[in-house]
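Novice: One structure follows; several queries about it will come next.
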Amino acid sequence: MAGYRKLSRTASQRKALLRNQVTALLYHGHIVTTEAKAKEVRKIAEGLIAMAVKEMDNFETVTVTAKVPRKDAEGKRVKEVVDGKKVTVYDEVEKEIKKDMPSRLHARRKMAAVFYPVKEVPAAGKGRKRNTKVVDMPAKMFDEIAPKYVNRNGGYTRIVKIAQRPGDAATKVLLELV
């Protein structure tokens, strides 16, 4: 017997479908899909959550000095003339950053291999294109999702049967994070 469901798709299509649904589940917290797809997505999602829980606190905080361009009131870089050329003015700033330990870095890269890029678009019509932000999904896993499940040993998702799909009578389910 096979170790996974083929879902009537080629390997590349199946991989893309599962990556897309895992990304949507962990970004939104729930998705509606068929029962067979939900059971496959659940396997991947629970493994990623378990990895995030294990590596959640495996980092050290380091203070670094960074050169940051000085900006004016409009948010544009300040330039000054040096030897007849315009040169950007930089300020030195102390920053605290999280430095991942090797095992957490490995976990971050394994997660990044599964997640598709997610863009957060503001609801307001004005400035929608300019104010879009790319969401760092591995960071969201470590900072938001993993702390909820620290005291839980598995079983991070729940499948609730909803109804049958009108076209082909496939069982629709709600897959959600507990």
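Residues are referred to by chain and number: the chain letter is A, B, ... according to the order shown in the structure tokens, the number counts from 1 in that chain, and ligands are numbered separately from 1 in the order shown.
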Do you know which residues are at most 6 Å from segment 34-40 of chain A counting only C-alpha atoms, after dropping those on the same chain fewer than 4 positions away, and could you put them as a list in words?
Specialist: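 The contact residues come out as Thr171, Lys172 and Val173 of chain A.
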Novice: Skipping near chain neighbours, those fewer than 5 positions away, what residues fall within 8 Å of segment 115-128 of chain A using only C-alpha atoms, listed as a list in words?
Specialist: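 After dropping sequence-adjacent residues, the list is Arg19, Asn20, Val22, Thr23, Lys133, Val134, Val135, Asp136 and Met137 of chain A.
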Novice: Within 10 Å of segment 147-164 of chain A, counting only C-alpha atoms, which residues show up once you throw out same-chain ones fewer than 5 positions away? Write them as number ranges by chain, please.
Specialist: A: 25, 29-35, 38-39, 41-43, 45-47, 49-50, 52-54, 56-57, 141-142, 169-178
Novice: At a cut-off of 7 Å, using only C-alpha atoms, what residues contact segment 102-113 of chain A? Leave out same-chain residues fewer than 4 positions from it and give the result as a list in words.
Specialist: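 Everything that qualifies: Leu48, Met51, Glu55, Asn58 and Pro138 of chain A.
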Novice: Would you export the selected residues with N, CA, C and O atoms as a compact mmCIF listing (two decimals), in the first residue's frame, please?
Specialist:
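And here's again14.txt as it stands now:
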# COMPACT_ATOMS: atom_id res chain seq x y z
N LEU A 48 5.59 20.39 10.29
CA LEU A 48 6.19 21.72 10.34
C LEU A 48 5.96 22.39 11.69
O LEU A 48 6.86 23.04 12.24
N MET A 51 8.24 20.85 14.25
CA MET A 51 9.60 21.35 14.06
C MET A 51 9.74 22.76 14.64
O MET A 51 10.73 23.08 15.30
N GLU A 55 12.23 23.99 17.84
CA GLU A 55 13.31 24.95 17.62
C GLU A 55 12.94 26.39 17.98
O GLU A 55 13.69 27.32 17.68
N ASN A 58 15.59 28.35 20.14
CA ASN A 58 16.97 27.98 19.84
C ASN A 58 17.67 29.09 19.05
O ASN A 58 18.01 28.92 17.88
N PRO A 138 8.36 31.34 7.92
CA PRO A 138 9.08 30.65 9.00
C PRO A 138 9.12 31.48 10.29
O PRO A 138 8.97 30.93 11.38
Novice: Per DSSP on the backbone, what are the helix (DSSP H, G or I) residues of chain A, as a PyMOL selection string?
Specialist: chain A and resi 11-28+35-55+102-114+137-148
Novice: Need the shell around Val62 of chain A: protein/DNA/RNA residues with any atom at most 10 Å away, counting only C-alpha atoms. Skip same-chain ones fewer than 4 positions apart. Format as a list in words?
Specialist: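 Result of the neighbour search: Lys95, Glu96, Ile97, Lys98 and Lys99 of chain A.
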Novice: Next, the residues of the selection above should be written as a tab-separated table (two decimals), in the first residue's frame with C-alpha atoms.
Specialist:
chain	number	residue	atom	x	y	z
A	95	LYS	CA	20.60	46.84	16.41
A	96	GLU	CA	19.63	43.70	18.29
A	97	ILE	CA	19.14	40.71	16.00
A	98	LYS	CA	18.22	37.07	16.54
A	99	LYS	CA	20.99	34.75	15.40
Novice: Return as a ChimeraX atom specification the full set of residues in segment 29-167 of chain A whose backbone-based DSSP assignment is strand (DSSP E or B).
Specialist: /A:30-34,59-69,71,77,79-82,85-88,90-100,118-120,133-135,157-164
